[in-house]
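Below: upload-v2.cif (mmCIF, C-alpha atoms and all ligand atoms)
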data_run
loop_
_atom_site.label_atom_id
_atom_site.label_comp_id
_atom_site.auth_asym_id
_atom_site.auth_seq_id
_atom_site.Cartn_x
_atom_site.Cartn_y
_atom_site.Cartn_z
CA MET A 1 122.51 92.86 72.25
CA ASP A 2 123.57 89.21 72.38
CA ASP A 3 125.86 89.92 75.29
CA LEU A 4 122.97 91.55 77.13
CA LEU A 5 120.81 88.49 76.54
CA ALA A 6 123.55 86.44 78.19
CA TYR A 7 122.48 88.11 81.45
CA ARG A 8 119.11 86.36 81.34
CA ASP A 9 120.51 83.33 83.15
CA ARG A 10 121.29 85.53 86.13
CA PHE A 11 117.58 86.32 86.63
CA PRO A 12 115.78 83.04 87.38
CA ILE A 13 112.23 84.35 87.03
CA LEU A 14 112.81 85.04 83.31
CA ALA A 15 112.71 81.30 82.65
CA ASP A 16 109.18 81.02 84.05
CA CYS A 17 107.25 83.98 82.67
CA THR A 18 107.37 87.11 80.55
CA TYR A 19 108.55 89.64 83.06
CA LEU A 20 107.58 93.17 82.01
CA ILE A 21 107.12 94.81 85.39
CA ASN A 22 110.57 96.27 85.91
CA HIS A 23 109.05 99.68 86.73
CA SER A 24 107.53 98.09 89.84
CA LEU A 25 109.54 95.08 91.06
CA ALA A 26 112.35 94.16 88.69
CA ALA A 27 113.55 90.57 88.38
CA MET A 28 115.66 89.28 91.27
CA PRO A 29 119.30 88.58 90.39
CA ALA A 30 120.27 85.06 91.57
CA ALA A 31 123.21 86.73 93.32
CA ALA A 32 120.76 88.37 95.75
CA GLU A 33 120.14 84.93 97.25
CA ASP A 34 123.91 84.39 97.66
CA ASN A 35 124.24 87.80 99.30
CA LEU A 36 121.42 87.04 101.73
CA LEU A 37 123.10 83.72 102.59
CA GLU A 38 126.31 85.62 103.24
CA TYR A 39 124.40 87.98 105.53
CA ALA A 40 123.02 84.97 107.45
CA ARG A 41 126.47 83.40 107.63
CA MET A 42 127.92 86.61 109.08
CA TRP A 43 125.14 86.84 111.64
CA ARG A 44 125.55 83.16 112.57
CA GLU A 45 129.36 82.98 112.65
CA ARG A 46 130.55 86.50 113.35
CA GLY A 47 127.65 87.70 115.48
CA ILE A 48 128.22 91.13 117.02
CA ARG A 49 131.59 91.42 115.28
CA SER A 50 129.70 91.83 112.00
CA TRP A 51 129.00 95.47 112.83
CA GLY A 52 132.70 96.24 112.73
CA GLU A 53 133.23 94.02 109.71
CA GLY A 54 130.99 96.06 107.41
CA TRP A 55 127.43 96.13 108.70
CA TRP A 56 127.61 99.50 110.49
CA GLU A 57 129.17 101.22 107.50
CA MET A 58 126.76 99.74 104.94
CA PRO A 59 124.48 102.80 104.70
CA ILE A 60 127.58 104.67 103.49
CA THR A 61 129.37 102.00 101.44
CA VAL A 62 126.19 100.92 99.69
CA GLY A 63 125.26 104.60 99.25
CA ASP A 64 128.58 105.10 97.47
CA GLN A 65 127.64 102.35 95.03
CA ILE A 66 124.36 104.16 94.29
CA GLY A 67 126.45 107.31 93.92
CA ARG A 68 128.45 105.68 91.14
CA ILE A 69 125.21 104.92 89.28
CA VAL A 70 123.62 108.38 89.67
CA GLY A 71 126.67 110.65 89.49
CA ALA A 72 127.02 111.46 93.20
CA PRO A 73 130.52 111.76 94.73
CA PRO A 74 131.61 109.31 97.46
CA GLY A 75 130.25 110.17 100.90
CA SER A 76 127.23 112.10 99.63
CA THR A 77 124.60 109.32 99.51
CA VAL A 78 123.19 107.29 102.40
CA MET A 79 120.79 104.38 102.55
CA HIS A 80 117.34 104.41 104.16
CA GLN A 81 114.27 102.22 104.09
CA ASN A 82 112.37 104.02 101.34
CA VAL A 83 111.78 107.31 99.51
CA THR A 84 109.17 108.49 101.99
CA VAL A 85 111.61 108.28 104.89
CA ALA A 86 114.40 109.88 102.85
CA GLU A 87 112.17 112.78 101.88
CA GLU A 88 110.94 113.26 105.46
CA ILE A 89 114.58 113.61 106.51
CA VAL A 90 115.04 116.33 103.89
CA LEU A 91 111.97 118.16 105.13
CA SER A 92 113.14 117.84 108.73
CA CYS A 93 116.00 120.22 107.87
CA PHE A 94 113.46 123.03 107.51
CA ARG A 95 111.43 122.71 110.70
CA GLU A 96 110.33 126.31 111.13
CA PRO A 97 109.90 127.49 107.56
CA GLY A 98 108.25 130.82 108.45
CA THR A 99 106.98 132.59 105.34
CA ARG A 100 109.14 130.47 103.02
CA ASN A 101 106.79 127.56 103.48
CA ARG A 102 105.56 126.79 99.98
CA ILE A 103 106.00 123.35 98.40
CA VAL A 104 105.57 123.22 94.63
CA TYR A 105 105.00 119.96 92.81
CA GLU A 106 103.10 118.59 89.87
CA GLU A 107 99.89 116.60 89.81
CA GLU A 108 101.59 113.33 88.86
CA ASN A 109 104.10 113.37 91.70
CA PHE A 110 104.12 109.99 93.45
CA PRO A 111 101.28 109.87 96.05
CA SER A 112 103.43 108.92 99.05
CA VAL A 113 105.58 111.99 98.45
CA ARG A 114 102.49 114.18 98.13
CA TYR A 115 100.99 112.85 101.38
CA LEU A 116 104.15 113.66 103.28
CA TYR A 117 103.88 117.37 102.47
CA GLN A 118 100.08 117.53 102.68
CA ALA A 119 100.24 116.23 106.24
CA LYS A 120 102.24 119.25 107.49
CA PRO A 121 99.89 122.08 108.51
CA ASP A 122 102.64 124.73 108.44
CA LEU A 123 103.33 124.06 104.74
CA GLU A 124 101.40 125.46 101.81
CA VAL A 125 101.28 123.01 98.93
CA THR A 126 100.89 124.31 95.38
CA THR A 127 100.02 121.60 92.86
CA VAL A 128 100.47 122.35 89.17
CA ALA A 129 99.78 120.50 85.92
CA ASP A 130 103.26 119.61 84.66
CA ASP A 131 106.99 120.28 84.74
CA ALA A 132 106.75 123.51 82.74
CA ALA A 133 104.15 124.85 85.16
CA ILE A 134 106.46 124.08 88.09
CA VAL A 135 108.96 126.60 86.72
CA ASP A 136 106.28 129.29 86.60
CA ALA A 137 104.93 128.48 90.06
CA ILE A 138 108.24 128.76 91.94
CA ASP A 139 108.50 132.05 93.81
CA GLU A 140 110.38 133.69 96.69
CA ARG A 141 108.15 131.88 99.19
CA THR A 142 109.00 128.44 97.79
CA LEU A 143 110.91 126.20 100.18
CA LEU A 144 111.10 122.86 98.39
CA VAL A 145 110.35 121.56 94.90
CA PRO A 146 109.95 117.77 95.08
CA ILE A 147 109.85 116.40 91.55
CA SER A 148 109.98 113.02 89.84
CA HIS A 149 112.65 112.60 87.19
CA VAL A 150 110.39 110.09 85.40
CA LEU A 151 106.68 110.09 86.21
CA PHE A 152 105.43 106.80 87.66
CA LYS A 153 102.12 106.82 85.81
CA ASN A 154 103.16 107.42 82.22
CA ALA A 155 106.99 107.23 82.35
CA GLU A 156 107.47 110.74 81.00
CA ILE A 157 110.95 112.17 81.58
CA GLN A 158 110.70 115.60 83.18
CA HIS A 159 112.76 118.65 82.22
CA VAL A 160 114.76 119.03 85.40
CA GLU A 161 117.27 121.73 84.40
CA PRO A 162 114.85 124.69 84.07
CA ILE A 163 113.24 123.76 87.39
CA VAL A 164 116.60 123.69 89.18
CA ARG A 165 117.63 126.99 87.59
CA ARG A 166 114.42 128.76 88.63
CA ALA A 167 114.41 127.21 92.11
CA HIS A 168 117.94 128.35 92.83
CA GLU A 169 117.22 131.82 91.51
CA ALA A 170 114.32 132.02 93.97
CA GLY A 171 116.26 130.50 96.89
CA ALA A 172 114.34 127.20 96.89
CA HIS A 173 115.71 123.65 97.00
CA VAL A 174 114.96 120.83 94.57
CA VAL A 175 114.40 117.23 95.69
CA LEU A 176 114.69 114.93 92.68
CA ASP A 177 112.91 111.57 92.99
CA CYS A 178 114.88 109.24 90.73
CA TYR A 179 112.96 106.05 91.53
CA GLN A 180 111.73 105.60 87.96
CA SER A 181 114.98 106.67 86.30
CA ALA A 182 117.93 105.25 88.28
CA GLY A 183 119.12 102.12 86.52
CA VAL A 184 117.37 102.73 83.19
CA VAL A 185 117.69 106.44 82.28
CA PRO A 186 121.18 107.92 82.67
CA LEU A 187 121.35 110.73 85.18
CA ASP A 188 123.97 112.74 86.98
CA VAL A 189 122.77 114.44 90.14
CA THR A 190 125.96 116.54 90.28
CA ALA A 191 125.58 117.85 86.72
CA LEU A 192 121.86 118.48 87.30
CA ASP A 193 122.86 120.49 90.39
CA VAL A 194 119.89 119.22 92.41
CA ASP A 195 120.06 119.85 96.15
CA PHE A 196 118.72 116.45 97.14
CA ALA A 197 117.98 113.24 95.27
CA VAL A 198 116.08 110.22 96.50
CA GLY A 199 115.23 106.81 95.13
CA GLY A 200 114.64 103.20 95.98
CA SER A 201 115.80 99.87 94.65
CA VAL A 202 112.83 97.67 93.81
CA LYS A 203 112.50 98.97 90.27
CA TRP A 204 115.14 99.28 87.54
CA LEU A 205 118.03 98.84 89.99
CA CYS A 206 116.91 95.21 90.60
CA GLY A 207 117.72 95.59 94.31
CA GLY A 208 114.51 94.53 96.05
CA PRO A 209 112.59 96.25 98.85
CA GLY A 210 113.94 98.10 101.89
CA ALA A 211 116.84 99.95 100.26
CA GLY A 212 115.92 103.60 99.69
CA TRP A 213 118.62 106.23 99.27
CA LEU A 214 119.22 109.91 99.87
CA TYR A 215 121.79 112.15 98.18
CA VAL A 216 122.54 115.59 99.60
CA ARG A 217 124.65 118.11 97.66
CA PRO A 218 127.97 118.01 99.52
CA ASP A 219 128.26 121.75 100.30
CA LEU A 220 124.66 121.78 101.54
CA ALA A 221 125.13 118.69 103.69
CA GLU A 222 127.61 120.58 105.86
CA GLN A 223 125.14 123.40 106.52
CA LEU A 224 121.92 121.50 107.19
CA GLU A 225 120.81 120.04 110.50
CA PRO A 226 118.07 117.42 110.05
CA THR A 227 115.74 117.21 113.04
CA PHE A 228 114.79 113.64 112.08
CA VAL A 229 118.13 112.20 113.17
CA GLY A 230 119.44 109.33 115.28
CA TRP A 231 122.63 107.93 116.72
CA GLN A 232 124.05 106.94 113.32
CA GLY A 233 123.95 110.65 112.49
CA HIS A 234 126.10 111.58 115.51
CA ALA A 235 129.77 112.49 115.10
CA ARG A 236 130.74 109.83 117.69
CA PRO A 237 127.91 107.30 117.93
CA PHE A 238 129.83 104.88 120.12
CA ALA A 239 130.65 107.53 122.70
CA PHE A 240 126.92 107.51 123.52
CA GLU A 241 127.09 111.19 124.37
CA PRO A 242 123.91 112.68 125.76
CA GLU A 243 124.04 115.76 123.48
CA LEU A 244 123.69 115.82 119.72
CA ASP A 245 126.77 116.68 117.67
CA TYR A 246 126.11 116.11 113.97
CA ALA A 247 128.43 113.89 111.96
CA ALA A 248 130.10 115.49 108.96
CA GLY A 249 128.63 115.27 105.46
CA ALA A 250 125.85 112.90 104.48
CA ARG A 251 126.29 110.79 107.64
CA ARG A 252 124.26 113.34 109.58
CA PHE A 253 121.25 112.31 107.51
CA LEU A 254 121.24 108.85 109.06
CA THR A 255 118.87 107.70 111.79
CA GLY A 256 119.19 104.43 113.74
CA THR A 257 120.22 100.82 113.13
CA PRO A 258 120.46 100.15 109.38
CA ASN A 259 118.38 97.67 107.43
CA VAL A 260 121.31 95.30 106.87
CA PRO A 261 119.64 92.34 105.06
CA ALA A 262 117.97 94.67 102.55
CA LEU A 263 121.34 96.25 101.80
CA TYR A 264 122.92 92.84 101.21
CA ALA A 265 120.16 91.96 98.76
CA ALA A 266 120.24 95.31 97.01
CA THR A 267 123.92 95.28 96.08
CA ALA A 268 123.37 92.23 93.88
CA GLY A 269 121.15 94.40 91.70
CA TYR A 270 123.50 97.40 91.73
CA ASP A 271 126.42 95.11 90.79
CA VAL A 272 124.70 93.97 87.62
CA ILE A 273 123.53 97.48 86.73
CA GLU A 274 127.10 98.77 87.14
CA GLU A 275 128.47 95.85 85.15
CA VAL A 276 126.13 96.41 82.21
CA GLY A 277 126.25 100.20 82.51
CA VAL A 278 123.27 102.56 82.44
CA ASP A 279 124.17 103.98 79.01
CA ARG A 280 124.04 100.52 77.47
CA ILE A 281 120.81 99.76 79.35
CA ARG A 282 119.28 102.97 78.04
CA GLU A 283 120.25 102.15 74.46
CA ARG A 284 118.61 98.74 74.77
CA SER A 285 115.60 100.16 76.61
CA LEU A 286 114.97 102.71 73.85
CA ALA A 287 115.20 99.95 71.23
CA LEU A 288 112.79 97.70 73.13
CA THR A 289 110.25 100.45 73.86
CA ARG A 290 110.42 101.57 70.21
CA PHE A 291 109.79 97.99 69.11
CA LEU A 292 106.86 97.72 71.51
CA ILE A 293 105.31 101.02 70.39
CA ASP A 294 105.62 100.01 66.73
CA ARG A 295 103.91 96.66 67.36
CA LEU A 296 101.16 98.24 69.46
CA ASP A 297 100.58 100.88 66.76
CA ALA A 298 100.35 98.18 64.10
CA ALA A 299 97.82 96.29 66.23
CA GLY A 300 95.71 99.46 66.58
CA PHE A 301 96.27 100.19 70.28
CA GLU A 302 96.45 103.69 71.76
CA ILE A 303 99.71 104.54 73.47
CA GLY A 304 99.51 106.42 76.77
CA SER A 305 103.20 107.26 77.25
CA PRO A 306 105.56 109.60 75.36
CA ARG A 307 106.83 108.51 71.95
CA GLU A 308 109.77 110.93 71.68
CA PRO A 309 112.98 109.28 72.91
CA SER A 310 113.98 112.36 74.91
CA ARG A 311 110.75 112.15 76.94
CA ARG A 312 110.40 108.36 77.02
CA GLY A 313 111.32 106.50 80.22
CA GLY A 314 111.50 102.71 80.47
CA THR A 315 107.76 101.92 80.42
CA VAL A 316 105.18 101.90 77.63
CA LEU A 317 101.55 102.57 78.56
CA VAL A 318 98.82 100.99 76.46
CA ARG A 319 95.16 101.84 76.74
CA THR A 320 92.68 98.95 76.76
CA PRO A 321 88.89 98.70 77.20
CA ASP A 322 89.33 97.56 80.83
CA ASP A 323 92.90 97.83 82.15
CA ALA A 324 92.28 95.92 85.39
CA ALA A 325 90.62 93.00 83.61
CA VAL A 326 93.13 92.89 80.73
CA HIS A 327 95.97 92.98 83.24
CA ARG A 328 94.44 90.04 85.14
CA GLU A 329 94.08 88.00 81.94
CA LEU A 330 97.66 88.77 80.86
CA GLY A 331 98.85 87.59 84.28
CA GLU A 332 96.99 84.31 83.89
CA ARG A 333 98.83 83.84 80.59
CA GLY A 334 102.21 84.34 82.25
CA ILE A 335 102.74 87.94 81.14
CA ILE A 336 103.59 89.94 84.23
CA CYS A 337 102.81 93.66 84.07
CA ASP A 338 100.52 96.10 85.90
CA PHE A 339 98.21 99.03 85.30
CA ARG A 340 97.55 102.40 86.86
CA PRO A 341 94.04 103.83 87.17
CA GLY A 342 93.22 106.10 84.26
CA ALA A 343 96.65 105.63 82.67
CA GLY A 344 96.64 102.18 81.05
CA VAL A 345 98.48 98.87 81.24
CA ARG A 346 102.18 99.41 81.99
CA LEU A 347 104.72 97.32 80.07
CA GLY A 348 108.26 97.87 81.32
CA PRO A 349 110.96 95.81 79.58
CA HIS A 350 114.48 95.85 81.05
CA PHE A 351 117.78 95.09 79.31
CA TYR A 352 117.22 91.35 79.73
CA ASN A 353 113.91 91.20 77.89
CA THR A 354 113.67 90.18 74.24
CA GLU A 355 111.82 91.36 71.16
CA GLY A 356 110.25 87.90 71.05
CA GLU A 357 108.69 88.44 74.47
CA LEU A 358 107.31 91.82 73.40
CA GLU A 359 105.93 90.40 70.17
CA ALA A 360 104.17 87.61 72.09
CA THR A 361 102.79 90.16 74.56
CA VAL A 362 101.25 92.30 71.80
CA GLU A 363 99.80 89.16 70.19
CA ALA A 364 98.26 88.13 73.53
CA LEU A 365 96.89 91.64 74.12
CA THR A 366 95.34 91.68 70.67
CA GLU A 367 93.69 88.30 71.20
CA ILE A 368 92.49 89.16 74.72
CA VAL A 369 90.87 92.39 73.56
CA SER A 370 89.43 91.16 70.25
CA SER A 371 88.01 87.94 71.71
CA GLY A 372 86.67 89.66 74.83
CA ALA A 373 88.59 87.14 76.98
CA TYR A 374 89.20 89.89 79.55
CA GLU A 375 85.49 90.31 80.22
CA ARG A 376 85.40 87.40 82.68
CA HIS A 377 87.54 89.57 85.01
CA ALA A 378 85.19 92.58 84.86
CA GLY A 379 85.36 94.45 88.16
CA ALA A 380 88.90 93.23 88.92
CA ALA A 381 90.35 95.37 91.69
CA ALA A 382 93.56 97.39 91.49
CA ARG A 383 96.45 95.58 93.14
CA PHE A 384 100.14 95.03 92.42
C1 LIG A 401 108.49 107.98 91.54
C2 LIG A 401 108.28 107.12 92.75
N1 LIG A 401 108.60 107.59 93.96
C3 LIG A 401 108.43 106.87 95.07
C4 LIG A 401 107.94 105.58 95.01
C5 LIG A 401 107.79 104.76 96.25
O1 LIG A 401 108.16 105.41 97.43
P1 LIG A 401 108.56 104.57 98.72
O2 LIG A 401 109.98 104.13 98.53
O3 LIG A 401 108.43 105.51 99.84
O4 LIG A 401 107.65 103.40 98.81
C6 LIG A 401 107.59 105.05 93.76
C7 LIG A 401 107.04 103.69 93.55
O5 LIG A 401 106.75 102.88 94.30
C8 LIG A 401 107.77 105.84 92.61
O6 LIG A 401 107.44 105.36 91.39
#
Since I need it in another form, could you write the structure as structure tokens?
Ligand SMILES: Cc1ncc(COP(=O)(O)O)c(C=O)c1O
Amino acid sequence: MDDLLAYRDRFPILADCTYLINHSLAAMPAAAEDNLLEYARMWRERGIRSWGEGWWEMPITVGDQIGRIVGAPPGSTVMHQNVTVAEEIVLSCFREPGTRNRIVYEEENFPSVRYLYQAKPDLEVTTVADDAAIVDAIDERTLLVPISHVLFKNAEIQHVEPIVRRAHEAGAHVVLDCYQSAGVVPLDVTALDVDFAVGGSVKWLCGGPGAGWLYVRPDLAEQLEPTFVGWQGHARPFAFEPELDYAAGARRFLTGTPNVPALYAATAGYDVIEEVGVDRIRERSLALTRFLIDRLDAAGFEIGSPREPSRRGGTVLVRTPDDAAVHRELGERGIICDFRPGAGVRLGPHFYNTEGELEATVEALTEIVSSGAYERHAGAAARF
């Protein structure tokens, strides 16, 4: 644990506040600033030559780094702007679904992902209560099963294996959204045998915005032809050929000019996650969330997230009399967290947080609720 605490110096914001919002925007590694300066230096000094000196290949090279964290082989993961774009690319492989046009997902799937499927009139969306119900709802008309590995609202880890098994039996494909697991809950997309996996970088990967990723199972990548494609997805982009000829493997899932500065920033986060190791992060995360749950129990709060380690992601949900107002008051006291409507206040410690910070947070929560200090924020609106 002491060696993990040594990492605190690498995250400047930890010196200024109690940062418990790693399920939303994790702390910035100081190295991200160095990487962005390096990006600017390249642009200034190398100009157009930068494309050949790494920029053009970054969606692949950075994707390979994500691959090392999530168990994807080299060449199977590419970088995009966000999960929504990555998932639209997946869907674009199945343009004329015919009678196999059913999308099955659960109620707590992330809204942006839901909207994407709801907006397509030729798809039939079936929404079910939970992960077990997904297994039952998959049938021979199911095209895609987009699921979250860890639910955003209450951090519950989903049982992925039975869903994949049933989907494959029925001829459907699984898209695993790993945004709330990658970097804090170990996962192996190859062992899970998912067809696609997507994620972003702002949360546990400490990579900042603009760096989404898409994994496609290597044997599938060779067969699929995404219709949302661009010149980076062409076999010979610099031949500027008028006709489309798909690149091999995951490259065909690329679109146009990559988001280079975001990729520079993001690798600073991935570097530290790789250095610490997700297994070690998970061990620490389970200890911290256990500590938090114990303190919240002792203070008489109701917990809104799973207690069992096998179902517990990185975030603890606590119910309060007015989540929006309590969250606002915590923020004014330098405790940075968030809340989700109907779910509770979300407290998400990462490997660099301390028991002392969690203890102080529970003390502050107790005082805020028992004194009614939150009441001056009554009617506070939902925001970050
Ligand atoms: C599970 C999950 N999926 C997706 C997203 C975000 O998607 P996007 O990258 O399209 O903003 C989030 C959170 O912001 C999330 O928690």
Which residues of range 247-287 of chain A come within 9 Å of range 185-207 of chain A, and for each one, what is the closest pair of atoms and their distance in Å to one decimal, counting all atoms listed in the file, sorted by chain and residue number, as JSON lines?
{"residue": "A:Ala262", "atom": "CA", "partner": "A:Gly207", "partner_atom": "CA", "distance": 8.3}
{"residue": "A:Leu263", "atom": "CA", "partner": "A:Gly207", "partner_atom": "CA", "distance": 8.3}
{"residue": "A:Ala265", "atom": "CA", "partner": "A:Gly207", "partner_atom": "CA", "distance": 6.2}
{"residue": "A:Ala266", "atom": "CA", "partner": "A:Gly207", "partner_atom": "CA", "distance": 3.7}
{"residue": "A:Thr267", "atom": "CA", "partner": "A:Gly207", "partner_atom": "CA", "distance": 6.5}
{"residue": "A:Ala268", "atom": "CA", "partner": "A:Gly207", "partner_atom": "CA", "distance": 6.6}
{"residue": "A:Gly269", "atom": "CA", "partner": "A:Cys206", "partner_atom": "CA", "distance": 4.5}
{"residue": "A:Tyr270", "atom": "CA", "partner": "A:Leu205", "partner_atom": "CA", "distance": 5.9}
{"residue": "A:Val272", "atom": "CA", "partner": "A:Cys206", "partner_atom": "CA", "distance": 8.4}
{"residue": "A:Ile273", "atom": "CA", "partner": "A:Leu205", "partner_atom": "CA", "distance": 6.5}
{"residue": "A:Val278", "atom": "CA", "partner": "A:Pro186", "partner_atom": "CA", "distance": 5.8}
{"residue": "A:Asp279", "atom": "CA", "partner": "A:Pro186", "partner_atom": "CA", "distance": 6.2}
{"residue": "A:Ile281", "atom": "CA", "partner": "A:Val185", "partner_atom": "CA", "distance": 7.9}
{"residue": "A:Arg282", "atom": "CA", "partner": "A:Val185", "partner_atom": "CA", "distance": 5.7}
{"residue": "A:Ser285", "atom": "CA", "partner": "A:Val185", "partner_atom": "CA", "distance": 8.7}
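Closest approach to Ile163 in chain A among A:Ile147, A:Ile303, A:Val113, A:Ala360: A:Ile147, based on all atoms listed in the file.
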Per residue of chain A within 10 Å of ligand LIG 401 (chain A), what are the shortest atom pair and its distance in Å to one decimal, counting all atoms listed in the file, with rows by chain and residue number, as CSV?
residue,atom,partner,partner_atom,distance
A:His23,CA,A:LIG401,O6,7.5
A:Ser24,CA,A:LIG401,O5,6.6
A:Leu25,CA,A:LIG401,O5,8.9
A:His80,CA,A:LIG401,O2,9.3
A:Gln81,CA,A:LIG401,O2,7.3
A:Asn82,CA,A:LIG401,O2,3.7
A:Val83,CA,A:LIG401,O2,3.8
A:Thr84,CA,A:LIG401,O3,3.7
A:Val85,CA,A:LIG401,O3,6.6
A:Ala86,CA,A:LIG401,O3,8.0
A:Glu87,CA,A:LIG401,O3,8.4
A:Glu88,CA,A:LIG401,O3,9.9
A:Glu108,CA,A:LIG401,C1,9.1
A:Asn109,CA,A:LIG401,C1,7.0
A:Phe110,CA,A:LIG401,C2,5.1
A:Pro111,CA,A:LIG401,C3,7.8
A:Ser112,CA,A:LIG401,O3,6.1
A:Val113,CA,A:LIG401,C3,6.8
A:Arg114,CA,A:LIG401,C3,9.9
A:Leu116,CA,A:LIG401,O3,9.8
A:Ile147,CA,A:LIG401,C1,8.5
A:Ser148,CA,A:LIG401,C1,5.5
A:His149,CA,A:LIG401,C1,7.6
A:Val150,CA,A:LIG401,C1,6.8
A:Leu151,CA,A:LIG401,C1,6.0
A:Phe152,CA,A:LIG401,O6,4.5
A:Lys153,CA,A:LIG401,O6,7.8
A:Ala155,CA,A:LIG401,O6,9.2
A:Leu176,CA,A:LIG401,C1,9.4
A:Asp177,CA,A:LIG401,C1,5.9
A:Cys178,CA,A:LIG401,C1,6.6
A:Tyr179,CA,A:LIG401,C1,4.9
A:Gln180,CA,A:LIG401,C1,5.4
A:Ser181,CA,A:LIG401,C1,8.4
A:Val198,CA,A:LIG401,N1,8.3
A:Gly199,CA,A:LIG401,N1,6.8
A:Gly200,CA,A:LIG401,O2,5.4
A:Ser201,CA,A:LIG401,O2,8.2
A:Val202,CA,A:LIG401,O5,8.0
A:Lys203,CA,A:LIG401,C7,7.9
A:Pro209,CA,A:LIG401,O2,8.3
A:Gly210,CA,A:LIG401,O2,8.0
A:Ala211,CA,A:LIG401,O2,8.2
A:Gly212,CA,A:LIG401,O2,6.1
A:Trp213,CA,A:LIG401,O2,8.9
- Message: Rounded to one decimal, what separation in Å do you get between CA of Arg284 in chain A and CA of Pro74 in chain A?
- Response: 28.2 Å
Contact residues around Glu355 in chain A with all atoms listed in the file at 10 Å, ignoring same-chain residues under 5 positions, as a tab-separated table (two decimals) with C-alpha atoms, keeping the file's coordinate frame:
chain	number	residue	atom	x	y	z
A	287	ALA	CA	115.20	99.95	71.23
A	288	LEU	CA	112.79	97.70	73.13
A	289	THR	CA	110.25	100.45	73.86
A	291	PHE	CA	109.79	97.99	69.11
A	292	LEU	CA	106.86	97.72	71.51
A	349	PRO	CA	110.96	95.81	79.58
A	360	ALA	CA	104.17	87.61	72.09
A	361	THR	CA	102.79	90.16	74.56
Report, as lines of an AutoDock Vina configuration file, the centre and edge lengths in Å (one decimal) of the axis-aligned box enclosing every listed atom of range 308-327 of chain A, padded by 4 Å on each side.
center_x = 101.4
center_y = 102.6
center_z = 78.5
size_x = 33.1
size_y = 27.5
size_z = 21.7
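Atom pair CA of Gly230 in chain A / CA of Phe253 in chain A has a distance of 8.5 Å (rounded to one decimal).
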- Query: Expressed in Å to a single decimal, how great is the separation between CA of Ala247 in chain A and CA of Ser76 in chain A?
  - Reply: 12.5 Å
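Among the candidates A:Cys337, A:Ala324, A:Ala250, A:Met28, the residue lying nearest to Pro73 in chain A is A:Ala250 (atoms considered: all atoms listed in the file).
The closest residue to His173 in chain A, picked from A:Thr366, A:Asn101, A:Thr227, A:Ser305 and counting only C-alpha atoms, is A:Asn101.
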- Message: Nearest residue to Asp34 in chain A out of A:Tyr7, A:His377, A:Val229, A:Tyr264, using all atoms listed in the file?
- Response: A:Tyr264
- Task: Would you mind telling me which residue in A:Thr127, A:Leu20, A:Ala137, A:Tyr215 lies nearest to Asp64 in chain A when using only C-alpha atoms?
- Result: A:Tyr215
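For the set A:Pro261, A:Pro59, A:Gly54, A:Gly256, the residue with the smallest atom-to-atom gap to Trp231 in chain A is A:Gly256, counting only C-alpha atoms.
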Would you fill out range 242-249 of chain A with N, CA, C and O atoms and return it as a short mmCIF file (atom, residue, chain, number, x, y, z; two decimals), in the frame of the given file?
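File out-v7.cif, as written:
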data_model
loop_
_atom_site.label_atom_id
_atom_site.label_comp_id
_atom_site.auth_asym_id
_atom_site.auth_seq_id
_atom_site.Cartn_x
_atom_site.Cartn_y
_atom_site.Cartn_z
N PRO A 242 125.31 112.29 125.58
CA PRO A 242 123.91 112.68 125.76
C PRO A 242 123.47 113.81 124.83
O PRO A 242 122.29 113.99 124.58
N GLU A 243 124.42 114.62 124.32
CA GLU A 243 124.04 115.76 123.48
C GLU A 243 124.36 115.47 122.02
O GLU A 243 125.38 114.85 121.71
N LEU A 244 123.51 116.02 121.16
CA LEU A 244 123.69 115.82 119.72
C LEU A 244 124.84 116.66 119.17
O LEU A 244 124.92 117.86 119.42
N ASP A 245 125.72 115.98 118.43
CA ASP A 245 126.77 116.68 117.67
C ASP A 245 126.76 116.00 116.29
O ASP A 245 127.14 114.84 116.18
N TYR A 246 126.30 116.73 115.29
CA TYR A 246 126.11 116.11 113.97
C TYR A 246 127.41 115.59 113.37
O TYR A 246 128.45 116.25 113.45
N ALA A 247 127.31 114.42 112.75
CA ALA A 247 128.43 113.89 111.96
C ALA A 247 128.66 114.80 110.76
O ALA A 247 127.77 115.57 110.37
N ALA A 248 129.82 114.69 110.15
CA ALA A 248 130.10 115.49 108.96
C ALA A 248 129.41 114.88 107.74
O ALA A 248 129.15 113.68 107.70
N GLY A 249 129.13 115.73 106.77
CA GLY A 249 128.63 115.27 105.46
C GLY A 249 127.32 114.53 105.54
O GLY A 249 126.48 114.77 106.41
#
